[in-house]
Structure formats: structure tokens, C-alpha cells
file final.pdb (PDB, N, CA and C atoms)
MODEL        1
ATOM      1  N   MET A   1     -16.035  13.732  23.270
ATOM      2  CA  MET A   1     -16.254  13.161  21.948
ATOM      3  C   MET A   1     -15.326  13.798  20.907
ATOM      4  N   TYR A   2     -14.919  15.057  21.129
ATOM      5  CA  TYR A   2     -14.051  15.736  20.180
ATOM      6  C   TYR A   2     -12.717  15.009  20.040
ATOM      7  N   ARG A   3     -12.208  14.479  21.129
ATOM      8  CA  ARG A   3     -10.923  13.768  21.084
ATOM      9  C   ARG A   3     -11.041  12.481  20.267
ATOM     10  N   PHE A   4     -12.133  11.760  20.415
ATOM     11  CA  PHE A   4     -12.339  10.549  19.626
ATOM     12  C   PHE A   4     -12.510  10.891  18.149
ATOM     13  N   GLU A   5     -13.167  12.009  17.872
ATOM     14  CA  GLU A   5     -13.324  12.460  16.492
ATOM     15  C   GLU A   5     -11.967  12.782  15.879
ATOM     16  N   ALA A   6     -11.110  13.418  16.653
ATOM     17  CA  ALA A   6      -9.774  13.763  16.159
ATOM     18  C   ALA A   6      -8.959  12.505  15.873
ATOM     19  N   VAL A   7      -9.045  11.512  16.744
ATOM     20  CA  VAL A   7      -8.343  10.251  16.509
ATOM     21  C   VAL A   7      -8.882   9.588  15.240
ATOM     22  N   GLY A   8     -10.172   9.682  15.006
ATOM     23  CA  GLY A   8     -10.769   9.113  13.801
ATOM     24  C   GLY A   8     -10.336   9.817  12.530
ATOM     25  N   ARG A   9     -10.170  11.122  12.596
ATOM     26  CA  ARG A   9      -9.727  11.865  11.415
ATOM     27  C   ARG A   9      -8.278  11.551  11.070
ATOM     28  N   LEU A  10      -7.517  11.113  12.049
ATOM     29  CA  LEU A  10      -6.123  10.722  11.832
ATOM     30  C   LEU A  10      -5.975   9.206  11.928
ATOM     31  N   SER A  11      -6.993   8.482  11.519
ATOM     32  CA  SER A  11      -7.050   7.044  11.790
ATOM     33  C   SER A  11      -5.883   6.267  11.187
ATOM     34  N   LEU A  12      -5.542   6.517   9.945
ATOM     35  CA  LEU A  12      -4.450   5.767   9.330
ATOM     36  C   LEU A  12      -3.110   6.131   9.964
ATOM     37  N   THR A  13      -2.895   7.404  10.221
ATOM     38  CA  THR A  13      -1.671   7.836  10.887
ATOM     39  C   THR A  13      -1.575   7.228  12.278
ATOM     40  N   ASN A  14      -2.666   7.256  13.038
ATOM     41  CA  ASN A  14      -2.656   6.690  14.383
ATOM     42  C   ASN A  14      -2.447   5.184  14.361
ATOM     43  N   TYR A  15      -3.056   4.506  13.407
ATOM     44  CA  TYR A  15      -2.886   3.061  13.296
ATOM     45  C   TYR A  15      -1.422   2.711  13.044
ATOM     46  N   LEU A  16      -0.801   3.417  12.106
ATOM     47  CA  LEU A  16       0.600   3.141  11.806
ATOM     48  C   LEU A  16       1.506   3.496  12.980
ATOM     49  N   MET A  17       1.187   4.586  13.682
ATOM     50  CA  MET A  17       1.994   4.956  14.859
ATOM     51  C   MET A  17       1.843   3.924  15.974
ATOM     52  N   GLN A  18       0.645   3.385  16.171
ATOM     53  CA  GLN A  18       0.458   2.322  17.158
ATOM     54  C   GLN A  18       1.318   1.119  16.806
ATOM     55  N   SER A  19       1.363   0.784  15.543
ATOM     56  CA  SER A  19       2.166  -0.355  15.102
ATOM     57  C   SER A  19       3.645  -0.116  15.356
ATOM     58  N   VAL A  20       4.130   1.063  15.013
ATOM     59  CA  VAL A  20       5.544   1.384  15.208
ATOM     60  C   VAL A  20       5.891   1.405  16.693
ATOM     61  N   ILE A  21       5.067   2.053  17.500
ATOM     62  CA  ILE A  21       5.340   2.162  18.933
ATOM     63  C   ILE A  21       5.298   0.790  19.603
ATOM     64  N   CYS A  22       4.265   0.013  19.322
ATOM     65  CA  CYS A  22       4.124  -1.287  19.995
ATOM     66  C   CYS A  22       5.165  -2.292  19.534
ATOM     67  N   THR A  23       5.527  -2.289  18.255
ATOM     68  CA  THR A  23       6.586  -3.204  17.836
ATOM     69  C   THR A  23       7.929  -2.792  18.425
ATOM     70  N   THR A  24       8.151  -1.495  18.580
ATOM     71  CA  THR A  24       9.383  -1.034  19.217
ATOM     72  C   THR A  24       9.428  -1.454  20.682
ATOM     73  N   ILE A  25       8.303  -1.443  21.338
ATOM     74  CA  ILE A  25       8.263  -1.844  22.749
ATOM     75  C   ILE A  25       8.421  -3.355  22.885
ATOM     76  N   PHE A  26       7.748  -4.130  22.054
ATOM     77  CA  PHE A  26       7.678  -5.569  22.265
ATOM     78  C   PHE A  26       8.704  -6.381  21.492
ATOM     79  N   TYR A  27       9.187  -5.928  20.345
ATOM     80  CA  TYR A  27      10.094  -6.748  19.541
ATOM     81  C   TYR A  27      11.539  -6.539  19.947
ATOM     82  N   GLY A  28      12.414  -7.385  19.427
ATOM     83  CA  GLY A  28      13.811  -7.410  19.813
ATOM     84  C   GLY A  28      14.604  -6.172  19.441
ATOM     85  N   TYR A  29      14.214  -5.455  18.387
ATOM     86  CA  TYR A  29      14.961  -4.251  18.017
ATOM     87  C   TYR A  29      14.637  -3.069  18.932
ATOM     88  N   GLY A  30      13.689  -3.260  19.844
ATOM     89  CA  GLY A  30      13.334  -2.216  20.808
ATOM     90  C   GLY A  30      13.609  -2.704  22.208
ATOM     91  N   LEU A  31      12.601  -2.667  23.045
ATOM     92  CA  LEU A  31      12.750  -3.098  24.432
ATOM     93  C   LEU A  31      12.678  -4.613  24.600
ATOM     94  N   GLY A  32      12.115  -5.310  23.635
ATOM     95  CA  GLY A  32      12.064  -6.768  23.681
ATOM     96  C   GLY A  32      11.192  -7.327  24.792
ATOM     97  N   LEU A  33      10.040  -6.708  25.036
ATOM     98  CA  LEU A  33       9.164  -7.157  26.118
ATOM     99  C   LEU A  33       8.230  -8.295  25.727
ATOM    100  N   PHE A  34       8.277  -8.733  24.475
ATOM    101  CA  PHE A  34       7.389  -9.815  24.052
ATOM    102  C   PHE A  34       7.744 -11.090  24.814
ATOM    103  N   GLY A  35       6.763 -11.688  25.449
ATOM    104  CA  GLY A  35       6.983 -12.899  26.225
ATOM    105  C   GLY A  35       7.389 -12.638  27.661
ATOM    106  N   ARG A  36       7.864 -11.428  27.948
ATOM    107  CA  ARG A  36       8.257 -11.084  29.321
ATOM    108  C   ARG A  36       7.179 -10.275  30.025
ATOM    109  N   ALA A  37       6.463  -9.469  29.267
ATOM    110  CA  ALA A  37       5.366  -8.686  29.844
ATOM    111  C   ALA A  37       4.088  -9.520  29.731
ATOM    112  N   GLY A  38       3.290  -9.515  30.766
ATOM    113  CA  GLY A  38       2.051 -10.285  30.749
ATOM    114  C   GLY A  38       0.953  -9.571  29.993
ATOM    115  N   VAL A  39      -0.213 -10.184  29.998
ATOM    116  CA  VAL A  39      -1.372  -9.629  29.303
ATOM    117  C   VAL A  39      -1.788  -8.304  29.929
ATOM    118  N   PHE A  40      -1.761  -8.234  31.245
ATOM    119  CA  PHE A  40      -2.175  -7.008  31.934
ATOM    120  C   PHE A  40      -1.252  -5.848  31.579
ATOM    121  N   ILE A  41       0.047  -6.075  31.600
ATOM    122  CA  ILE A  41       1.009  -5.008  31.258
ATOM    123  C   ILE A  41       0.840  -4.619  29.786
ATOM    124  N   GLY A  42       0.617  -5.598  28.918
ATOM    125  CA  GLY A  42       0.389  -5.299  27.504
ATOM    126  C   GLY A  42      -0.844  -4.447  27.291
ATOM    127  N   ALA A  43      -1.909  -4.743  28.027
ATOM    128  CA  ALA A  43      -3.135  -3.948  27.921
ATOM    129  C   ALA A  43      -2.909  -2.531  28.445
ATOM    130  N   ILE A  44      -2.150  -2.401  29.518
ATOM    131  CA  ILE A  44      -1.837  -1.068  30.067
ATOM    132  C   ILE A  44      -1.031  -0.258  29.056
ATOM    133  N   ILE A  45      -0.065  -0.891  28.413
ATOM    134  CA  ILE A  45       0.738  -0.192  27.401
ATOM    135  C   ILE A  45      -0.138   0.243  26.232
ATOM    136  N   ALA A  46      -1.021  -0.648  25.768
ATOM    137  CA  ALA A  46      -1.909  -0.312  24.649
ATOM    138  C   ALA A  46      -2.838   0.850  25.006
ATOM    139  N   LEU A  47      -3.396   0.826  26.217
ATOM    140  CA  LEU A  47      -4.262   1.929  26.654
ATOM    141  C   LEU A  47      -3.475   3.228  26.800
ATOM    142  N   ALA A  48      -2.236   3.132  27.251
ATOM    143  CA  ALA A  48      -1.401   4.332  27.379
ATOM    144  C   ALA A  48      -1.101   4.933  26.008
ATOM    145  N   VAL A  49      -0.784   4.087  25.042
ATOM    146  CA  VAL A  49      -0.515   4.577  23.682
ATOM    147  C   VAL A  49      -1.761   5.251  23.119
ATOM    148  N   TYR A  50      -2.923   4.629  23.307
ATOM    149  CA  TYR A  50      -4.165   5.216  22.810
ATOM    150  C   TYR A  50      -4.493   6.518  23.555
ATOM    151  N   GLY A  51      -4.228   6.553  24.843
ATOM    152  CA  GLY A  51      -4.448   7.782  25.615
ATOM    153  C   GLY A  51      -3.578   8.927  25.121
ATOM    154  N   ILE A  52      -2.341   8.617  24.781
ATOM    155  CA  ILE A  52      -1.445   9.642  24.229
ATOM    156  C   ILE A  52      -1.981  10.134  22.891
ATOM    157  N   GLN A  53      -2.503   9.218  22.088
ATOM    158  CA  GLN A  53      -3.081   9.627  20.815
ATOM    159  C   GLN A  53      -4.342  10.463  21.012
ATOM    160  N   LEU A  54      -5.130  10.141  22.022
ATOM    161  CA  LEU A  54      -6.306  10.968  22.341
ATOM    162  C   LEU A  54      -5.891  12.380  22.735
ATOM    163  N   TRP A  55      -4.740  12.518  23.331
ATOM    164  CA  TRP A  55      -4.253  13.825  23.767
ATOM    165  C   TRP A  55      -3.595  14.587  22.617
ATOM    166  N   LEU A  56      -2.811  13.886  21.767
ATOM    167  CA  LEU A  56      -2.045  14.569  20.726
ATOM    168  C   LEU A  56      -2.833  14.838  19.437
ATOM    169  N   SER A  57      -3.797  14.008  19.112
ATOM    170  CA  SER A  57      -4.528  14.173  17.847
ATOM    171  C   SER A  57      -5.248  15.516  17.739
ATOM    172  N   PRO A  58      -5.983  15.972  18.770
ATOM    173  CA  PRO A  58      -6.613  17.299  18.648
ATOM    174  C   PRO A  58      -5.592  18.433  18.530
ATOM    175  N   LEU A  59      -4.450  18.286  19.183
ATOM    176  CA  LEU A  59      -3.404  19.306  19.066
ATOM    177  C   LEU A  59      -2.871  19.376  17.637
ATOM    178  N   TYR A  60      -2.701  18.226  17.023
ATOM    179  CA  TYR A  60      -2.222  18.189  15.644
ATOM    180  C   TYR A  60      -3.250  18.811  14.696
ATOM    181  N   LEU A  61      -4.531  18.505  14.933
ATOM    182  CA  LEU A  61      -5.570  19.002  14.026
ATOM    183  C   LEU A  61      -5.833  20.498  14.188
ATOM    184  N   LYS A  62      -5.344  21.109  15.250
ATOM    185  CA  LYS A  62      -5.461  22.567  15.365
ATOM    186  C   LYS A  62      -4.573  23.261  14.348
ATOM    187  N   LYS A  63      -3.474  22.617  13.972
ATOM    188  CA  LYS A  63      -2.546  23.217  13.026
ATOM    189  C   LYS A  63      -2.761  22.717  11.596
ATOM    190  N   PHE A  64      -3.103  21.444  11.441
ATOM    191  CA  PHE A  64      -3.262  20.839  10.119
ATOM    192  C   PHE A  64      -4.671  20.271   9.979
ATOM    193  N   SER A  65      -5.134  20.160   8.738
ATOM    194  CA  SER A  65      -6.492  19.646   8.537
ATOM    195  C   SER A  65      -6.537  18.129   8.392
ATOM    196  N   ASN A  66      -5.449  17.520   7.939
ATOM    197  CA  ASN A  66      -5.371  16.073   7.766
ATOM    198  C   ASN A  66      -4.059  15.567   8.333
ATOM    199  N   GLY A  67      -4.021  14.270   8.598
ATOM    200  CA  GLY A  67      -2.787  13.653   9.049
ATOM    201  C   GLY A  67      -1.804  13.499   7.908
ATOM    202  N   PRO A  68      -0.524  13.287   8.216
ATOM    203  CA  PRO A  68       0.480  13.180   7.148
ATOM    204  C   PRO A  68       0.264  11.967   6.244
ATOM    205  N   VAL A  69      -0.111  10.842   6.794
ATOM    206  CA  VAL A  69      -0.331   9.656   5.961
ATOM    207  C   VAL A  69      -1.619   9.819   5.157
ATOM    208  N   GLU A  70      -2.641  10.410   5.752
ATOM    209  CA  GLU A  70      -3.887  10.670   5.018
ATOM    210  C   GLU A  70      -3.623  11.629   3.856
ATOM    211  N   TYR A  71      -2.742  12.608   4.064
ATOM    212  CA  TYR A  71      -2.400  13.550   3.008
ATOM    213  C   TYR A  71      -1.665  12.838   1.870
ATOM    214  N   LEU A  72      -0.717  11.965   2.206
ATOM    215  CA  LEU A  72      -0.011  11.196   1.178
ATOM    216  C   LEU A  72      -0.973  10.297   0.411
ATOM    217  N   LEU A  73      -1.933   9.724   1.107
ATOM    218  CA  LEU A  73      -2.927   8.882   0.449
ATOM    219  C   LEU A  73      -3.784   9.700  -0.513
ATOM    220  N   ARG A  74      -4.135  10.929  -0.133
ATOM    221  CA  ARG A  74      -4.918  11.799  -1.027
ATOM    222  C   ARG A  74      -4.105  12.191  -2.262
ATOM    223  N   ILE A  75      -2.810  12.466  -2.065
ATOM    224  CA  ILE A  75      -1.950  12.797  -3.208
ATOM    225  C   ILE A  75      -1.924  11.626  -4.176
ATOM    226  N   TRP A  76      -1.768  10.417  -3.652
ATOM    227  CA  TRP A  76      -1.711   9.230  -4.501
ATOM    228  C   TRP A  76      -3.063   8.948  -5.155
ATOM    229  N   THR A  77      -4.139   9.118  -4.408
ATOM    230  CA  THR A  77      -5.471   8.838  -4.936
ATOM    231  C   THR A  77      -5.837   9.783  -6.070
ATOM    232  N   TYR A  78      -5.602  11.088  -5.872
ATOM    233  CA  TYR A  78      -6.007  12.085  -6.866
ATOM    234  C   TYR A  78      -4.916  12.393  -7.887
ATOM    235  N   LEU A  79      -3.720  11.794  -7.711
ATOM    236  CA  LEU A  79      -2.582  12.068  -8.594
ATOM    237  C   LEU A  79      -2.360  13.567  -8.741
ATOM    238  N   SER A  80      -2.380  14.246  -7.612
ATOM    239  CA  SER A  80      -2.233  15.694  -7.577
ATOM    240  C   SER A  80      -1.451  16.075  -6.330
ATOM    241  N   TRP A  81      -0.444  16.933  -6.466
ATOM    242  CA  TRP A  81       0.358  17.341  -5.311
ATOM    243  C   TRP A  81      -0.445  18.132  -4.293
ATOM    244  N   LYS A  82      -1.543  18.717  -4.703
ATOM    245  CA  LYS A  82      -2.389  19.474  -3.774
ATOM    246  C   LYS A  82      -3.242  18.556  -2.901
ATOM    247  N   GLY A  83      -3.385  17.303  -3.294
ATOM    248  CA  GLY A  83      -4.227  16.376  -2.552
ATOM    249  C   GLY A  83      -5.705  16.645  -2.744
ATOM    250  N   GLN A  84      -6.044  17.294  -3.833
ATOM    251  CA  GLN A  84      -7.423  17.646  -4.145
ATOM    252  C   GLN A  84      -7.775  17.069  -5.512
ATOM    253  N   PRO A  85      -9.040  16.747  -5.732
ATOM    254  CA  PRO A  85      -9.416  16.284  -7.074
ATOM    255  C   PRO A  85      -9.203  17.384  -8.099
ATOM    256  N   ARG A  86      -8.812  16.973  -9.278
ATOM    257  CA  ARG A  86      -8.608  17.963 -10.341
ATOM    258  C   ARG A  86      -9.951  18.474 -10.818
ATOM    259  N   LYS A  87      -9.966  19.745 -11.169
ATOM    260  CA  LYS A  87     -11.192  20.337 -11.690
ATOM    261  C   LYS A  87     -11.366  19.911 -13.140
ATOM    262  N   LYS A  88     -12.600  19.633 -13.489
ATOM    263  CA  LYS A  88     -12.894  19.227 -14.855
ATOM    264  C   LYS A  88     -12.790  20.432 -15.773
ATOM    265  N   LYS A  89     -12.233  20.178 -16.941
ATOM    266  CA  LYS A  89     -12.145  21.255 -17.924
ATOM    267  C   LYS A  89     -13.501  21.448 -18.559
ATOM    268  N   ARG A  90     -13.854  22.709 -18.801
ATOM    269  CA  ARG A  90     -15.127  22.999 -19.449
ATOM    270  C   ARG A  90     -15.020  22.634 -20.916
ATOM    271  N   SER A  91     -16.004  21.954 -21.400
ATOM    272  CA  SER A  91     -16.021  21.611 -22.818
ATOM    273  C   SER A  91     -17.135  22.408 -23.494
ATOM    274  N   ASN A  92     -16.940  22.674 -24.726
ATOM    275  CA  ASN A  92     -17.915  23.448 -25.493
ATOM    276  C   ASN A  92     -18.819  22.497 -26.268
ATOM    277  N   LEU A  93     -19.395  21.559 -25.581
ATOM    278  CA  LEU A  93     -20.321  20.629 -26.213
ATOM    279  C   LEU A  93     -21.646  21.328 -26.514
ATOM    280  N   VAL A  94     -22.224  20.982 -27.621
ATOM    281  CA  VAL A  94     -23.512  21.542 -27.999
ATOM    282  C   VAL A  94     -24.594  20.693 -27.349
ATOM    283  N   THR A  95     -25.403  21.322 -26.548
ATOM    284  CA  THR A  95     -26.514  20.619 -25.921
ATOM    285  C   THR A  95     -27.812  21.094 -26.549
ATOM    286  N   HIS A  96     -28.875  20.462 -26.160
ATOM    287  CA  HIS A  96     -30.181  20.789 -26.721
ATOM    288  C   HIS A  96     -30.548  22.242 -26.405
ATOM    289  N   GLU A  97     -30.164  22.724 -25.225
ATOM    290  CA  GLU A  97     -30.558  24.075 -24.821
ATOM    291  C   GLU A  97     -29.813  25.153 -25.574
ATOM    292  N   ASN A  98     -28.521  24.932 -25.874
ATOM    293  CA  ASN A  98     -27.765  25.993 -26.536
ATOM    294  C   ASN A  98     -27.463  25.695 -28.000
ATOM    295  N   ALA A  99     -28.138  24.705 -28.587
ATOM    296  CA  ALA A  99     -27.926  24.378 -30.007
ATOM    297  C   ALA A  99     -28.520  25.475 -30.883
ATOM    298  N   PRO A 100     -27.821  25.872 -31.924
ATOM    299  CA  PRO A 100     -28.353  26.917 -32.800
ATOM    300  C   PRO A 100     -29.538  26.408 -33.609
ATOM    301  N   GLY A 101     -30.534  27.234 -33.721
ATOM    302  CA  GLY A 101     -31.717  26.928 -34.502
ATOM    303  C   GLY A 101     -32.731  26.039 -33.804
ATOM    304  N   VAL A 102     -32.480  25.656 -32.592
ATOM    305  CA  VAL A 102     -33.438  24.805 -31.868
ATOM    306  C   VAL A 102     -34.270  25.701 -30.981
ATOM    307  N   GLN A 103     -35.572  25.567 -31.077
ATOM    308  CA  GLN A 103     -36.465  26.427 -30.313
ATOM    309  C   GLN A 103     -37.128  25.662 -29.208
TER     310      GLN A 103
ENDMDL
END
call {"tool": "encode", "arguments": {"input": "final.pdb", "output": "C-alpha cells"}}
result
Amino acid sequence: MYRFEAVGRLSLTNYLMQSVICTTIFYGYGLGLFGRAGVFIGAIIALAVYGIQLWLSPLYLKKFSNGPVEYLLRIWTYLSWKGQPRKKKRSNLVTHENAPGVQ
């Protein structure tokens, strides 16, 4: 189950890598197997790509906490190079508890 969890944590990166790998295998700028490979061979290739991702994803997560595309998405989402939400600045608002003269 740990391997499936690792693939899930790198889901966007793995999805994009599947797209790049499979289009390179099947389209004309790569091996051009589209239309020449049958359904069975296509399924074997897809399972092989996923198997490689099951093997490589836990290795990647031992060194990094997030995938590269997930990290870029966090930078864009939080508008912060750290990929973390910005901390709110403390304001000196007067509340009922700390208002002067209120008992």
C-alpha cells in the first residue's frame, strides 16, 4: 500500500509523466506505434509505465516531500517561493477582552 500512497502523493507529476511517455511511444515524434500496436500491447505498455512509477515514486519521496509539479503548483497557489501559505500579520485590534476600561 505504501507504493500506491507514494504514487498518489505524486499524482500530478505521475499523470504528466504518463502522458509524455505514452505520447512518445505512440505518436509520430517518438516510436510511432499508434495503429501498429494492438490493444494487448498497449495495455502491457501502460501497465509497465505504471509499474515503473510504483517503483520510482517511493524512491523519490525518500529524498523530497512533494513532486516537482506539485511544488510548482503550491508556489503558484500561495504566491510564495517557499510553497507555503504566508503567515498572517498580527494586528493590534482592540477586542472586548483587552479593551481598556471594560470589566
call {"tool": "atom_distance", "arguments": {"input": "final.pdb", "atom1": "CA of Tyr78 (chain A)", "atom2": "CA of Leu10 (chain A)"}}
result
18.7 Å
call {"tool": "atom_distance", "arguments": {"input": "final.pdb", "atom1": "CA of Ile21 (chain A)", "atom2": "atom C of Lys82 (chain A)"}}
result
28.6 Å
call {"tool": "atom_distance", "arguments": {"input": "final.pdb", "atom1": "atom C of Tyr29 (chain A)", "atom2": "atom N of Ser11 (chain A)"}}
result
25.6 Å
call {"tool": "closest_residue", "arguments": {"input": "final.pdb", "among": "A:Lys63, A:Gln53, A:Ile75, A:Ala43", "to": "Leu16 (chain A)", "atoms": "only C-alpha atoms"}}
result
A:Gln53
call {"tool": "resolve_selection", "arguments": {"input": "final.pdb", "expression": "the PyMOL selection byres (((chain A and resi 5 and name CA) around 12) and name CA)", "output": "NGL selection string"}}
result
:A and (1-4 or 6-11 or 53-55 or 57-58 or 61)
call {"tool": "decode", "arguments": {"input": "final.pdb", "residues": "region 64-95 of chain A", "atoms": "N, CA and C atoms", "output": "CSV table (one decimal), in the first residue's frame"}}
result
chain,number,residue,atom,x,y,z
A,64,PHE,N,12.6,13.8,-1.3
A,64,PHE,CA,11.8,15.1,-1.4
A,64,PHE,C,10.4,14.8,-0.8
A,65,SER,N,9.8,15.9,-0.3
A,65,SER,CA,8.5,15.7,0.3
A,65,SER,C,7.3,15.8,-0.7
A,66,ASN,N,7.5,16.5,-1.8
A,66,ASN,CA,6.5,16.7,-2.8
A,66,ASN,C,7.1,16.5,-4.2
A,67,GLY,N,6.3,16.2,-5.2
A,67,GLY,CA,6.8,16.1,-6.5
A,67,GLY,C,7.1,17.5,-7.1
A,68,PRO,N,7.8,17.5,-8.2
A,68,PRO,CA,8.2,18.8,-8.8
A,68,PRO,C,7.0,19.6,-9.3
A,69,VAL,N,6.1,19.0,-9.9
A,69,VAL,CA,4.9,19.7,-10.4
A,69,VAL,C,4.0,20.1,-9.3
A,70,GLU,N,3.9,19.3,-8.3
A,70,GLU,CA,3.1,19.6,-7.1
A,70,GLU,C,3.7,20.8,-6.4
A,71,TYR,N,5.0,20.9,-6.4
A,71,TYR,CA,5.7,22.0,-5.7
A,71,TYR,C,5.5,23.3,-6.5
A,72,LEU,N,5.6,23.2,-7.9
A,72,LEU,CA,5.3,24.4,-8.7
A,72,LEU,C,3.8,24.9,-8.5
A,73,LEU,N,2.9,23.9,-8.4
A,73,LEU,CA,1.5,24.3,-8.2
A,73,LEU,C,1.3,25.0,-6.8
A,74,ARG,N,2.0,24.5,-5.8
A,74,ARG,CA,2.0,25.2,-4.5
A,74,ARG,C,2.5,26.6,-4.5
A,75,ILE,N,3.6,26.8,-5.3
A,75,ILE,CA,4.2,28.1,-5.4
A,75,ILE,C,3.2,29.0,-6.1
A,76,TRP,N,2.6,28.6,-7.1
A,76,TRP,CA,1.6,29.4,-7.8
A,76,TRP,C,0.3,29.6,-7.0
A,77,THR,N,-0.1,28.6,-6.2
A,77,THR,CA,-1.3,28.8,-5.4
A,77,THR,C,-1.1,29.8,-4.3
A,78,TYR,N,0.0,29.6,-3.6
A,78,TYR,CA,0.3,30.5,-2.4
A,78,TYR,C,1.0,31.8,-2.8
A,79,LEU,N,1.4,31.9,-4.0
A,79,LEU,CA,2.2,33.1,-4.5
A,79,LEU,C,3.4,33.3,-3.5
A,80,SER,N,4.1,32.3,-3.3
A,80,SER,CA,5.2,32.3,-2.4
A,80,SER,C,6.3,31.3,-2.9
A,81,TRP,N,7.5,31.7,-2.9
A,81,TRP,CA,8.6,30.8,-3.4
A,81,TRP,C,8.8,29.6,-2.5
A,82,LYS,N,8.4,29.7,-1.3
A,82,LYS,CA,8.6,28.6,-0.3
A,82,LYS,C,7.5,27.5,-0.5
A,83,GLY,N,6.5,27.9,-1.2
A,83,GLY,CA,5.4,26.9,-1.5
A,83,GLY,C,4.6,26.7,-0.2
A,84,GLN,N,4.6,27.7,0.7
A,84,GLN,CA,3.8,27.6,1.9
A,84,GLN,C,2.9,28.8,2.0
A,85,PRO,N,1.8,28.6,2.7
A,85,PRO,CA,0.9,29.8,2.9
A,85,PRO,C,1.7,30.9,3.7
A,86,ARG,N,1.4,32.1,3.4
A,86,ARG,CA,2.0,33.2,4.1
A,86,ARG,C,1.4,33.3,5.5
A,87,LYS,N,2.2,33.7,6.5
A,87,LYS,CA,1.7,33.8,7.8
A,87,LYS,C,1.0,35.2,7.9
A,88,LYS,N,-0.1,35.2,8.6
A,88,LYS,CA,-0.9,36.4,8.8
A,88,LYS,C,-0.1,37.3,9.8
A,89,LYS,N,-0.2,38.6,9.4
A,89,LYS,CA,0.5,39.6,10.3
A,89,LYS,C,-0.4,39.8,11.5
A,90,ARG,N,0.2,40.0,12.7
A,90,ARG,CA,-0.6,40.2,13.9
A,90,ARG,C,-1.1,41.7,13.8
A,91,SER,N,-2.3,41.9,14.1
A,91,SER,CA,-2.9,43.2,14.1
A,91,SER,C,-3.2,43.6,15.6
A,92,ASN,N,-3.1,44.8,15.9
A,92,ASN,CA,-3.4,45.3,17.2
A,92,ASN,C,-4.8,45.8,17.3
A,93,LEU,N,-5.7,44.9,16.9
A,93,LEU,CA,-7.1,45.3,17.1
A,93,LEU,C,-7.6,45.2,18.5
A,94,VAL,N,-8.4,46.1,18.9
A,94,VAL,CA,-9.0,46.1,20.2
A,94,VAL,C,-10.2,45.2,20.3
A,95,THR,N,-10.1,44.2,21.1
A,95,THR,CA,-11.2,43.3,21.3
A,95,THR,C,-11.9,43.5,22.6
